[in-house]
$ cat final_32.cif   # mmCIF, C-alpha atoms
data_upload
#
loop_
_atom_site.label_atom_id
_atom_site.label_comp_id
_atom_site.auth_asym_id
_atom_site.auth_seq_id
_atom_site.Cartn_x
_atom_site.Cartn_y
_atom_site.Cartn_z
CA MET H 1 129.04 110.72 94.56
CA SER H 2 127.45 107.86 92.67
CA ILE H 3 123.94 106.86 93.73
CA ARG H 4 123.86 103.36 95.20
CA ALA H 5 120.50 103.39 97.01
CA ILE H 6 117.02 104.61 96.13
CA CYS H 7 113.93 104.52 98.35
CA ARG H 8 111.01 102.91 96.51
CA ASP H 9 108.49 104.86 98.60
CA CYS H 10 109.77 108.46 98.62
CA LEU H 11 112.45 108.26 95.87
CA HIS H 12 115.18 109.55 98.21
CA THR H 13 118.63 108.82 96.74
CA GLY H 14 121.92 108.31 98.50
CA ASP H 15 124.66 105.85 99.36
CA GLN H 16 123.91 102.36 100.63
CA GLY H 17 124.68 101.01 104.07
CA VAL H 18 121.44 101.90 105.89
CA GLU H 19 118.46 99.66 106.71
CA ARG H 20 115.88 102.45 106.55
CA CYS H 21 115.41 105.44 104.30
CA PRO H 22 116.77 108.52 106.12
CA ALA H 23 113.97 110.61 104.62
CA CYS H 24 110.82 108.53 105.26
CA GLY H 25 111.93 105.55 107.33
CA SER H 26 110.90 102.96 104.72
CA ARG H 27 112.73 99.64 104.49
CA ARG H 28 111.94 99.39 100.77
CA LEU H 29 115.37 100.38 99.53
CA VAL H 30 117.03 99.32 96.28
CA CYS H 31 120.77 99.08 96.92
CA HIS H 32 123.55 98.02 94.57
CA ASP H 33 127.13 99.09 93.85
CA GLU H 34 126.32 99.43 90.13
CA LEU H 35 122.86 100.97 90.53
CA ASP H 36 123.59 104.06 88.44
CA GLN H 37 125.41 102.13 85.69
CA LEU H 38 122.83 99.55 84.54
CA THR H 39 120.47 100.46 81.69
CA ILE H 40 118.41 97.41 80.57
CA ALA H 41 115.25 96.37 82.37
CA HIS H 42 112.59 93.69 82.18
CA LEU H 43 109.10 94.69 83.34
CA ASP H 44 106.59 91.95 84.18
CA CYS H 45 103.05 92.60 85.37
CA ASP H 46 102.16 90.58 88.47
CA ALA H 47 99.56 87.82 87.81
CA PHE H 48 98.24 90.20 85.17
CA TYR H 49 94.80 88.87 84.16
CA ALA H 50 93.91 87.92 87.73
CA SER H 51 95.15 91.26 89.04
CA VAL H 52 92.94 93.15 86.56
CA GLU H 53 89.94 91.10 87.70
CA LYS H 54 90.68 91.76 91.37
CA ARG H 55 91.16 95.45 90.71
CA ASP H 56 87.73 95.64 89.08
CA ARG H 57 86.07 93.42 91.70
CA PRO H 58 87.45 94.43 95.12
CA GLU H 59 85.37 91.74 96.85
CA LEU H 60 87.78 89.19 95.34
CA ARG H 61 90.86 90.76 96.92
CA ASP H 62 91.37 87.99 99.50
CA ARG H 63 89.97 85.14 97.38
CA PRO H 64 91.89 82.71 95.16
CA VAL H 65 91.15 83.72 91.56
CA ILE H 66 91.75 81.66 88.42
CA VAL H 67 91.36 83.11 84.94
CA GLY H 68 90.71 80.40 82.37
CA GLY H 69 88.27 78.30 80.37
CA GLY H 70 85.69 75.66 81.28
CA LYS H 71 86.25 72.42 83.15
CA ARG H 72 88.26 71.00 80.26
CA GLY H 73 90.18 74.18 79.59
CA VAL H 74 93.44 75.36 81.12
CA VAL H 75 94.50 78.08 83.54
CA SER H 76 95.49 81.28 81.74
CA THR H 77 96.78 82.80 84.94
CA CYS H 78 95.95 82.82 88.63
CA CYS H 79 96.50 85.12 91.57
CA TYR H 80 99.21 84.56 94.16
CA ILE H 81 96.72 83.18 96.68
CA ALA H 82 95.76 80.42 94.24
CA ARG H 83 99.44 79.73 93.57
CA GLN H 84 99.87 78.84 97.23
CA TYR H 85 97.59 75.85 96.54
CA GLY H 86 99.82 74.70 93.70
CA VAL H 87 97.81 76.21 90.86
CA HIS H 88 99.84 77.54 87.93
CA SER H 89 99.47 78.75 84.35
CA ALA H 90 98.72 76.10 81.69
CA MET H 91 97.45 73.65 84.35
CA PRO H 92 94.31 71.73 83.25
CA MET H 93 91.31 73.37 84.88
CA PHE H 94 90.09 70.17 86.52
CA LYS H 95 93.45 69.79 88.28
CA ALA H 96 93.42 73.44 89.36
CA LEU H 97 89.95 73.13 90.87
CA LYS H 98 90.92 69.90 92.61
CA ALA H 99 93.91 71.68 94.17
CA CYS H 100 91.89 74.79 95.04
CA PRO H 101 88.13 73.99 95.02
CA GLU H 102 87.21 77.34 96.57
CA ALA H 103 88.77 79.31 93.71
CA VAL H 104 86.71 81.87 91.81
CA VAL H 105 86.99 81.04 88.09
CA ILE H 106 86.63 83.90 85.61
CA LYS H 107 86.58 83.66 81.83
CA PRO H 108 89.25 85.84 80.16
CA ASP H 109 88.22 89.31 78.98
CA PHE H 110 91.03 90.25 76.60
CA ARG H 111 89.53 93.60 75.68
CA LYS H 112 89.87 94.65 79.32
CA TYR H 113 93.41 93.23 79.57
CA MET H 114 94.49 95.00 76.38
CA ALA H 115 93.24 98.32 77.76
CA ALA H 116 95.24 97.80 80.96
CA SER H 117 98.31 96.80 78.96
CA GLU H 118 98.07 99.91 76.80
CA ALA H 119 97.91 102.10 79.91
CA ILE H 120 100.98 100.46 81.41
CA PHE H 121 103.14 100.43 78.31
CA GLY H 122 101.94 103.86 77.30
CA ALA H 123 103.65 105.11 80.47
CA VAL H 124 106.76 103.08 79.65
CA GLY H 125 106.86 104.53 76.13
CA LYS H 126 107.11 108.06 77.52
CA LEU H 127 110.53 107.21 78.94
CA THR H 128 112.10 105.61 75.87
CA PRO H 129 111.24 104.31 72.40
CA LEU H 130 113.34 101.20 73.14
CA VAL H 131 110.53 98.96 74.39
CA GLN H 132 110.43 95.37 73.14
CA THR H 133 107.11 93.86 74.18
CA LEU H 134 106.91 90.10 74.66
CA SER H 135 103.20 89.88 75.46
CA LEU H 136 100.43 91.99 76.96
CA ASP H 137 102.15 91.93 80.33
CA GLU H 138 105.91 91.99 79.85
CA ALA H 139 108.63 93.81 77.95
CA TRP H 140 112.32 94.65 77.84
CA ILE H 141 113.22 98.31 78.19
CA GLY H 142 116.42 100.07 77.07
CA LEU H 143 117.20 103.29 78.95
CA ALA H 144 120.78 104.11 77.97
CA GLY H 145 121.24 107.84 77.32
CA THR H 146 117.91 108.90 78.87
CA GLU H 147 119.26 110.29 82.15
CA ARG H 148 119.19 113.97 81.25
CA LEU H 149 115.91 113.77 79.34
CA ASN H 150 114.02 111.97 82.11
CA GLY H 151 115.68 113.51 85.13
CA GLY H 152 117.51 110.61 86.70
CA SER H 153 119.36 107.35 86.23
CA PRO H 154 117.57 104.37 84.64
CA ALA H 155 117.13 102.88 88.14
CA PHE H 156 115.51 106.08 89.41
CA GLN H 157 113.26 106.33 86.35
CA LEU H 158 112.10 102.73 86.73
CA ILE H 159 111.32 103.03 90.45
CA ARG H 160 109.36 106.19 89.74
CA LEU H 161 107.59 104.42 86.86
CA GLN H 162 106.67 101.48 89.09
CA LYS H 163 105.03 103.84 91.58
CA GLN H 164 103.23 105.69 88.78
CA ILE H 165 101.81 102.51 87.23
CA GLU H 166 100.44 101.34 90.57
CA ALA H 167 98.90 104.74 91.31
CA ASP H 168 97.39 105.23 87.85
CA THR H 169 96.15 101.71 87.04
CA GLY H 170 95.77 99.96 90.39
CA LEU H 171 98.08 97.20 89.11
CA THR H 172 101.54 96.18 90.26
CA VAL H 173 104.60 95.26 88.24
CA SER H 174 107.94 93.68 89.03
CA ILE H 175 111.11 95.05 87.46
CA GLY H 176 114.57 93.63 86.97
CA LEU H 177 117.52 95.91 86.14
CA ALA H 178 120.73 94.51 84.67
CA PRO H 179 123.41 95.00 81.99
CA ASN H 180 121.59 92.78 79.45
CA ARG H 181 118.24 91.25 78.51
CA PHE H 182 118.82 87.78 79.95
CA LEU H 183 119.89 89.01 83.37
CA ALA H 184 117.11 91.61 83.46
CA LYS H 185 114.51 88.88 82.98
CA VAL H 186 116.12 86.72 85.65
CA ALA H 187 116.18 89.69 88.02
CA SER H 188 112.49 90.49 87.51
CA GLU H 189 111.62 87.01 88.83
CA LEU H 190 113.66 87.31 92.04
CA ASP H 191 111.25 89.36 94.15
CA LYS H 192 107.70 89.00 92.80
CA PRO H 193 105.17 90.44 93.26
CA ARG H 194 105.77 94.21 93.35
CA GLY H 195 109.50 93.63 93.30
CA PHE H 196 112.52 95.53 92.08
CA SER H 197 115.75 93.55 91.77
CA VAL H 198 119.18 94.35 90.37
CA LEU H 199 121.78 91.99 88.91
CA GLY H 200 125.23 93.24 88.00
CA SER H 201 128.72 91.78 88.12
CA GLU H 202 127.66 89.29 90.79
CA ALA H 203 125.34 87.56 88.30
CA PRO H 204 127.51 84.46 87.58
CA ALA H 205 127.53 83.58 91.29
CA VAL H 206 123.77 84.08 91.53
CA LEU H 207 123.15 81.94 88.43
CA ALA H 208 125.55 79.11 89.31
CA PRO H 209 123.27 77.01 91.57
CA ARG H 210 120.18 77.45 89.39
CA PRO H 211 118.92 74.70 87.07
CA VAL H 212 119.83 74.89 83.39
CA SER H 213 116.13 75.30 82.57
CA ILE H 214 116.45 78.97 83.57
CA LEU H 215 118.40 79.60 80.36
CA PRO H 216 116.52 80.77 77.24
CA GLY H 217 116.04 77.96 74.74
CA VAL H 218 116.40 75.15 77.29
CA GLY H 219 113.06 73.36 77.27
CA PRO H 220 112.14 70.06 78.97
CA VAL H 221 113.71 67.85 76.29
CA PHE H 222 116.99 69.79 76.02
CA ARG H 223 117.17 70.03 79.81
CA LYS H 224 117.17 66.22 80.05
CA THR H 225 119.90 66.05 77.42
CA LEU H 226 122.06 68.54 79.31
CA GLN H 227 121.49 66.74 82.60
CA SER H 228 122.42 63.37 81.11
CA ASP H 229 125.61 64.99 79.78
CA GLY H 230 126.49 66.21 83.27
CA TYR H 231 125.19 69.79 83.10
CA ALA H 232 122.44 70.05 85.71
CA THR H 233 123.10 73.61 86.84
CA VAL H 234 124.14 76.85 85.21
CA GLY H 235 127.37 76.60 87.17
CA ASP H 236 128.12 73.27 85.48
CA LEU H 237 127.92 74.96 82.09
CA ALA H 238 130.00 77.92 83.25
CA ALA H 239 132.75 75.57 84.45
CA ALA H 240 132.77 73.52 81.23
CA ASP H 241 135.34 73.95 78.49
CA VAL H 242 133.63 76.02 75.80
CA ARG H 243 135.22 73.81 73.13
CA ASP H 244 133.49 70.75 74.60
CA LEU H 245 130.15 72.56 74.59
CA VAL H 246 130.58 73.61 70.96
CA ARG H 247 131.54 70.06 69.97
CA ARG H 248 128.41 68.70 71.64
CA TYR H 249 125.84 71.37 70.78
CA GLY H 250 127.30 73.54 68.01
CA GLU H 251 126.53 77.27 68.16
CA THR H 252 124.00 76.56 70.91
CA GLY H 253 126.90 75.40 73.11
CA LEU H 254 128.65 78.74 72.68
CA ARG H 255 125.46 80.60 73.54
CA LEU H 256 124.91 78.44 76.65
CA HIS H 257 128.45 79.19 77.79
CA ASP H 258 127.91 82.93 77.39
CA LEU H 259 124.58 82.88 79.22
CA ALA H 260 126.04 80.79 82.04
CA HIS H 261 128.58 83.60 82.56
CA GLY H 262 125.82 86.23 82.46
CA ARG H 263 126.67 87.44 78.95
CA ASP H 264 123.97 88.34 76.42
CA ALA H 265 124.68 90.54 73.39
CA ARG H 266 121.06 90.89 72.23
CA ALA H 267 119.90 94.50 72.04
CA VAL H 268 116.46 95.72 73.04
CA ASN H 269 114.69 95.73 69.68
CA PRO H 270 111.29 97.43 69.47
CA GLY H 271 110.87 96.23 65.88
CA HIS H 272 111.56 92.56 66.57
CA GLU H 273 109.71 90.27 64.19
CA ARG H 274 107.17 87.91 65.66
CA LYS H 275 107.55 84.36 64.40
CA GLY H 276 103.89 83.49 64.67
CA MET H 277 100.54 83.98 66.37
CA SER H 278 97.65 81.65 67.08
CA ALA H 279 94.30 81.07 68.77
CA GLU H 280 92.89 77.85 70.17
CA THR H 281 90.07 76.48 72.31
CA THR H 282 89.45 73.35 74.36
CA PHE H 283 85.97 71.78 74.11
CA ASP H 284 83.78 70.86 77.08
CA THR H 285 82.97 67.58 75.30
CA ASP H 286 84.86 65.73 72.57
CA LEU H 287 83.91 66.70 69.01
CA THR H 288 84.05 64.45 65.95
CA THR H 289 82.00 65.79 63.05
CA ALA H 290 83.18 68.33 60.51
CA GLY H 291 80.25 70.61 61.31
CA ASP H 292 80.98 70.71 65.04
CA LEU H 293 84.71 71.25 64.55
CA GLU H 294 84.16 73.96 61.94
CA ALA H 295 81.75 75.73 64.28
CA GLU H 296 84.58 75.99 66.82
CA LEU H 297 87.17 76.88 64.19
CA TRP H 298 85.35 79.87 62.71
CA PRO H 299 85.36 82.17 65.80
CA LEU H 300 89.05 81.38 66.28
CA CYS H 301 89.70 82.47 62.71
CA GLU H 302 87.79 85.70 63.30
CA LYS H 303 89.72 86.37 66.50
CA LEU H 304 93.12 85.68 64.95
CA ALA H 305 92.41 87.61 61.76
CA SER H 306 91.19 90.63 63.73
CA LYS H 307 94.37 90.58 65.82
CA ALA H 308 96.51 90.29 62.66
CA ARG H 309 94.80 93.31 61.09
CA GLN H 310 95.15 95.26 64.32
CA ASP H 311 98.88 94.51 64.40
CA GLY H 312 99.32 95.12 60.67
CA VAL H 313 100.70 91.66 59.93
CA ALA H 314 99.90 88.81 57.55
CA SER H 315 101.23 85.35 56.73
CA ARG H 316 101.48 82.80 53.94
CA VAL H 317 102.02 79.91 56.36
CA LEU H 318 98.88 78.72 58.15
CA VAL H 319 98.84 75.96 60.77
CA LEU H 320 95.99 73.80 62.10
CA LYS H 321 96.30 72.20 65.53
CA LEU H 322 94.15 69.37 66.86
CA ARG H 323 94.50 67.56 70.18
CA ARG H 324 93.18 64.02 70.33
CA THR H 325 91.46 62.46 73.33
CA ASP H 326 94.73 60.70 74.21
CA PHE H 327 96.32 64.20 74.39
CA LYS H 328 98.49 63.62 71.32
CA ILE H 329 98.73 66.77 69.18
CA VAL H 330 98.23 66.77 65.41
CA THR H 331 99.56 69.77 63.48
CA ARG H 332 99.16 70.41 59.77
CA ARG H 333 100.43 73.40 57.79
CA ILE H 334 99.95 74.90 54.38
CA SER H 335 101.82 77.59 52.43
CA LEU H 336 99.65 79.97 50.42
CA PRO H 337 100.65 81.92 47.29
CA GLU H 338 99.97 85.26 49.00
CA PRO H 339 100.03 86.49 52.61
CA VAL H 340 96.58 86.66 54.22
CA GLN H 341 94.99 88.28 57.25
CA THR H 342 91.28 87.46 56.90
CA ALA H 343 89.07 84.99 58.70
CA ARG H 344 87.82 83.77 55.32
CA ALA H 345 91.31 82.70 54.25
CA LEU H 346 92.18 81.22 57.64
CA PHE H 347 88.97 79.21 57.74
CA ALA H 348 89.34 77.91 54.19
CA ALA H 349 92.89 76.73 54.92
CA GLY H 350 91.91 75.24 58.28
CA ARG H 351 89.03 73.30 56.79
CA THR H 352 91.27 71.93 54.03
CA LEU H 353 93.88 70.82 56.58
CA MET H 354 91.24 69.30 58.85
CA ALA H 355 89.50 67.17 56.21
CA PRO H 356 92.00 64.26 56.22
CA GLU H 357 91.93 64.12 60.02
CA LEU H 358 88.17 63.65 60.41
CA GLY H 359 86.77 60.42 61.77
CA ARG H 360 88.03 60.49 65.35
CA PRO H 361 87.16 62.64 68.39
CA TYR H 362 89.16 65.72 69.37
CA ARG H 363 89.29 67.83 72.54
CA LEU H 364 90.99 70.97 71.16
CA ILE H 365 91.32 72.89 67.92
CA GLY H 366 93.59 75.81 67.05
CA ILE H 367 94.57 77.92 64.06
CA GLY H 368 97.87 79.74 63.67
CA MET H 369 99.82 82.06 61.39
CA GLY H 370 103.52 81.19 61.06
CA GLU H 371 106.35 83.47 59.97
CA VAL H 372 104.25 86.64 60.10
CA ILE H 373 105.36 89.66 58.08
CA ASP H 374 104.20 93.23 57.69
CA ALA H 375 100.90 93.22 55.83
CA PRO H 376 101.19 94.17 52.14
CA ASP H 377 99.65 97.35 50.76
CA SER H 378 95.87 96.90 50.83
CA HIS H 379 95.51 99.02 47.68
CA ALA H 380 96.44 96.17 45.36
CA LEU H 381 96.42 96.68 41.61
CA PHE H 382 94.30 93.56 41.03
CA GLU H 383 91.36 92.57 43.20
CA THR H 384 91.42 89.06 44.62
CA ALA H 385 89.21 87.03 46.95
CA GLU H 386 91.53 88.05 49.78
CA THR H 387 91.34 91.79 49.05
CA ARG H 388 87.53 91.60 48.81
CA ALA H 389 87.32 89.71 52.10
CA LEU H 390 89.78 92.14 53.67
CA ARG H 391 87.62 95.11 52.69
CA THR H 392 84.55 93.47 54.22
CA GLU H 393 86.24 92.32 57.42
CA THR H 394 87.95 95.67 57.95
CA ALA H 395 84.54 97.34 57.74
CA ILE H 396 83.24 94.84 60.30
CA ASP H 397 86.19 95.70 62.59
CA VAL H 398 85.12 99.34 62.52
CA LEU H 399 81.50 98.52 63.34
CA ARG H 400 82.44 96.19 66.18
CA ALA H 401 84.84 98.74 67.64
CA LYS H 402 82.07 101.30 67.65
CA PHE H 403 79.05 99.23 68.65
CA GLY H 404 80.49 96.15 70.36
CA ALA H 405 81.72 92.69 69.41
CA LYS H 406 78.19 91.35 68.85
CA ALA H 407 77.11 94.24 66.62
CA VAL H 408 77.93 92.24 63.48
CA VAL H 409 77.67 88.44 63.48
CA ALA H 410 78.95 86.52 60.45
CA GLY H 411 76.69 84.00 58.78
CA ARG H 412 79.13 81.22 59.68
CA ALA H 413 78.54 81.91 63.36
CA LEU H 414 74.79 81.55 62.90
CA ARG H 415 74.64 78.57 60.54
CA ASN H 416 76.90 75.68 61.41
CA GLY H 417 78.14 73.54 58.57
CA GLN H 418 77.85 76.09 55.76
CA THR H 419 80.68 77.71 53.86
CA ALA H 420 82.11 80.90 55.35
CA ARG H 421 81.55 83.90 53.14
#
$ encode --input "final_32.cif" --output "structure tokens"
Amino acid sequence: MSIRAICRDCLHTGDQGVERCPACGSRRLVCHDELDQLTIAHLDCDAFYASVEKRDRPELRDRPVIVGGGKRGVVSTCCYIARQYGVHSAMPMFKALKACPEAVVIKPDFRKYMAASEAIFGAVGKLTPLVQTLSLDEAWIGLAGTERLNGGSPAFQLIRLQKQIEADTGLTVSIGLAPNRFLAKVASELDKPRGFSVLGSEAPAVLAPRPVSILPGVGPVFRKTLQSDGYATVGDLAAADVRDLVRRYGETGLRLHDLAHGRDARAVNPGHERKGMSAETTFDTDLTTAGDLEAELWPLCEKLASKARQDGVASRVLVLKLRRTDFKIVTRRISLPEPVQTARALFAAGRTLMAPELGRPYRLIGIGMGEVIDAPDSHALFETAETRALRTETAIDVLRAKFGAKAVVAGRALRNGQTAR
């Protein structure tokens, strides 16, 4: 008999058609006709940064918590209590505090979040090597062919994993199980927090009334275009003639038609190439002078370069981002002759890109690496400024890992306005 129901509390398996688990009486049952046939999952940690903070500070359990920057910063994430007040990620902090003045605001501690992420995805990695991480707190998981090795269907493995993560880390995750990546991600959003949802052949009917913005690649601008063309819901796209969609939107039209019908051919790819990475900060007061802006730019370069070395990536394409006081964003990019992964190189490029933009106040600065690739062999035949800087900064990484982030402070951080070494 195929398994169509699993108890999320005691892991009892059986056929569906009951309201309570016959073994433990729990109502937390996962039931679906295709439960033992689906193999692709999306795992999403619930309000991750805020949940880590609440786990480590139990006195905050019933308080609204916002993780983010200063008054002029933005919300990185917030707990579900704060969300009831209308607070959400990327909201300006002043708006968040106006909506929820009693919120406890905590500055992000990424070292702590990375440790929690490693614990969670370390457990995931024991089930399958097919784990495609999207960020510190979410990933797609491919479990086809793992039934015998892991002692159960993908659904059973994932429910057991969800219980294990909560017991071992004190954090909760929501999981969506489906036949493909797109539907798995949709499913993981259906029952948050601490949810487990399944989408199978009924997916087109579930998707039909939802707005087109639920589809990957449909941002605010494209959503308005689709709506003006008569496609407000996923069902509108599903009902459209695919030839009309292709005529209007090219290959994107074909992809929209497939997604609207719940089709997605993308495989779970653990080695997917990241297109870029960046770091940015919003100032408490507007900054105008080169010295003040460079003082904010340098620690961002250190942070980004350290992350690039940790991930083993580098880039020739560097991008500077500035946000003016009228909220307009200025971006400038430069292509270098060799891929880099040092703060020295990032800072030099950022300062060059910033020079023509000086003379007006800014509220944000950011530095990014576009089109990242695997870092080249560090044992280069010829020594360059980059290889010398890489040797120095790698040594600093080791010291900071051993003795703390403040164990080694670069001269740039101590002396504003001088050239980074």
$ residues_around --input "final_32.cif" --residues "H:Asp326" --least-positions-apart "4" --cutoff "12 Å" --atoms "all atoms listed in the file" --output "PyMOL selection string"
chain H and resi 286+322+330+360-364
$ closest_residue --input "final_32.cif" --among "H:Glu357, H:Glu280, H:Glu371, H:Asp258" --to "H:Pro216" --atoms "all atoms listed in the file"
H:Asp258
$ resolve_selection --input "final_32.cif" --expression "the PyMOL selection byres ((chain H and resi 142) around 9)" --output "PyMOL selection string"
chain H and resi 39-41+128-132+140-141+143-144+154+267-269
$ closest_residue --input "final_32.cif" --among "H:Gly262, H:Gly368, H:Pro209, H:Gly25" --to "H:Lys185" --atoms "all atoms listed in the file"
H:Gly262
$ resolve_selection --input "final_32.cif" --expression "the PyMOL selection byres ((chain H and resi 63) around 8)" --output "short mmCIF file (atom, residue, chain, number, x, y, z; two decimals) with C-alpha atoms, in the frame of the given file"
data_model
loop_
_atom_site.label_atom_id
_atom_site.label_comp_id
_atom_site.auth_asym_id
_atom_site.auth_seq_id
_atom_site.Cartn_x
_atom_site.Cartn_y
_atom_site.Cartn_z
CA LEU H 60 87.78 89.19 95.34
CA ARG H 61 90.86 90.76 96.92
CA ASP H 62 91.37 87.99 99.50
CA PRO H 64 91.89 82.71 95.16
CA VAL H 65 91.15 83.72 91.56
CA ILE H 81 96.72 83.18 96.68
CA ALA H 103 88.77 79.31 93.71
CA VAL H 104 86.71 81.87 91.81
#
$ closest_residue --input "final_32.cif" --among "H:Ser306, H:Thr233, H:Ser228, H:Ser174" --to "H:Leu161" --atoms "only C-alpha atoms"
H:Ser174
$ closest_residue --input "final_32.cif" --among "H:Gly200, H:Gly253, H:Gly170, H:Gly69" --to "H:Asp109" --atoms "all atoms listed in the file"
H:Gly69
$ atom_distance --input "final_32.cif" --atom1 "atom CA of H:Lys107" --atom2 "atom CA of H:Glu294"
22.3 Å
$ closest_atom_pairs --input "final_32.cif" --of "stretch 65-180 of chain H" --to "stretch 9-13 of chain H" --cutoff "9 Å" --atoms "only C-alpha atoms" --output "Markdown table"
| residue | atom | partner | partner_atom | distance |
| --- | --- | --- | --- | --- |
| H:Phe156 | CA | H:Leu11 | CA | 7.5 |
| H:Ile159 | CA | H:Leu11 | CA | 7.6 |
| H:Arg160 | CA | H:Leu11 | CA | 7.2 |
| H:Lys163 | CA | H:Asp9 | CA | 7.9 |
$ closest_residue --input "final_32.cif" --among "H:Gly230, H:Gly73, H:Gly217, H:Pro108" --to "H:Val52" --atoms "all atoms listed in the file"
H:Pro108
$ residues_around --input "final_32.cif" --residues "H:Lys98" --least-positions-apart "2" --cutoff "12 Å" --atoms "all atoms listed in the file" --output "PDB file with C-alpha atoms, in the frame of the given file"
ATOM      1  CA  LYS H  71      86.250  72.420  83.150  1.00  0.00           C
ATOM      2  CA  ALA H  82      95.760  80.420  94.240  1.00  0.00           C
ATOM      3  CA  TYR H  85      97.590  75.850  96.540  1.00  0.00           C
ATOM      4  CA  GLY H  86      99.820  74.700  93.700  1.00  0.00           C
ATOM      5  CA  VAL H  87      97.810  76.210  90.860  1.00  0.00           C
ATOM      6  CA  MET H  91      97.450  73.650  84.350  1.00  0.00           C
ATOM      7  CA  PRO H  92      94.310  71.730  83.250  1.00  0.00           C
ATOM      8  CA  MET H  93      91.310  73.370  84.880  1.00  0.00           C
ATOM      9  CA  PHE H  94      90.090  70.170  86.520  1.00  0.00           C
ATOM     10  CA  LYS H  95      93.450  69.790  88.280  1.00  0.00           C
ATOM     11  CA  ALA H  96      93.420  73.440  89.360  1.00  0.00           C
ATOM     12  CA  CYS H 100      91.890  74.790  95.040  1.00  0.00           C
ATOM     13  CA  PRO H 101      88.130  73.990  95.020  1.00  0.00           C
ATOM     14  CA  GLU H 102      87.210  77.340  96.570  1.00  0.00           C
ATOM     15  CA  ALA H 103      88.770  79.310  93.710  1.00  0.00           C
TER      16      ALA H 103
END
$ closest_residue --input "final_32.cif" --among "H:Arg255, H:Cys31, H:Gly366, H:His261" --to "H:Leu293" --atoms "all atoms listed in the file"
H:Gly366
$ atom_distance --input "final_32.cif" --atom1 "atom CA of H:Asp36" --atom2 "atom CA of H:Leu259"
23.1 Å
$ resolve_selection --input "final_32.cif" --expression "the PyMOL selection byres ((chain H and resi 236-244) around 12)" --output "PyMOL selection string"
chain H and resi 203-205+207-213+215+226-227+229-235+245-263
$ residues_around --input "final_32.cif" --residues "H:Met369" --least-positions-apart "6" --cutoff "9 Å" --atoms "all atoms listed in the file" --output "ChimeraX atom specification"
/H:275-278,304,308,314-319,341,346
$ atom_distance --input "final_32.cif" --atom1 "atom CA of H:Lys303" --atom2 "atom CA of H:Ala279"
7.4 Å
$ residues_near_point --input "final_32.cif" --point "(90.0, 80.9, 83.4)" --cutoff "7 Å" --atoms "only C-alpha atoms" --output "JSON, numbers by chain"
{"H": [66, 67, 68, 69, 74, 75, 76, 105, 106, 107, 108]}
$ axis_aligned_box --input "final_32.cif" --around "stretch 386-391 of chain H" --padding-each-side "5 Å" --output "AutoDock Vina command-line options"
--center_x 89.4 --center_y 91.6 --center_z 51.2 --size_x 14.2 --size_y 17.1 --size_z 14.9
$ residues_near_point --input "final_32.cif" --point "(121.8, 96.2, 88.9)" --cutoff "8 Å" --atoms "all atoms listed in the file" --output "list in words"
His32, Asp33, Glu34, Leu35, Gln37, Leu38, Gly176, Leu177, Ala178, Pro179, Ser197, Val198, Leu199 and Gly200 of chain H
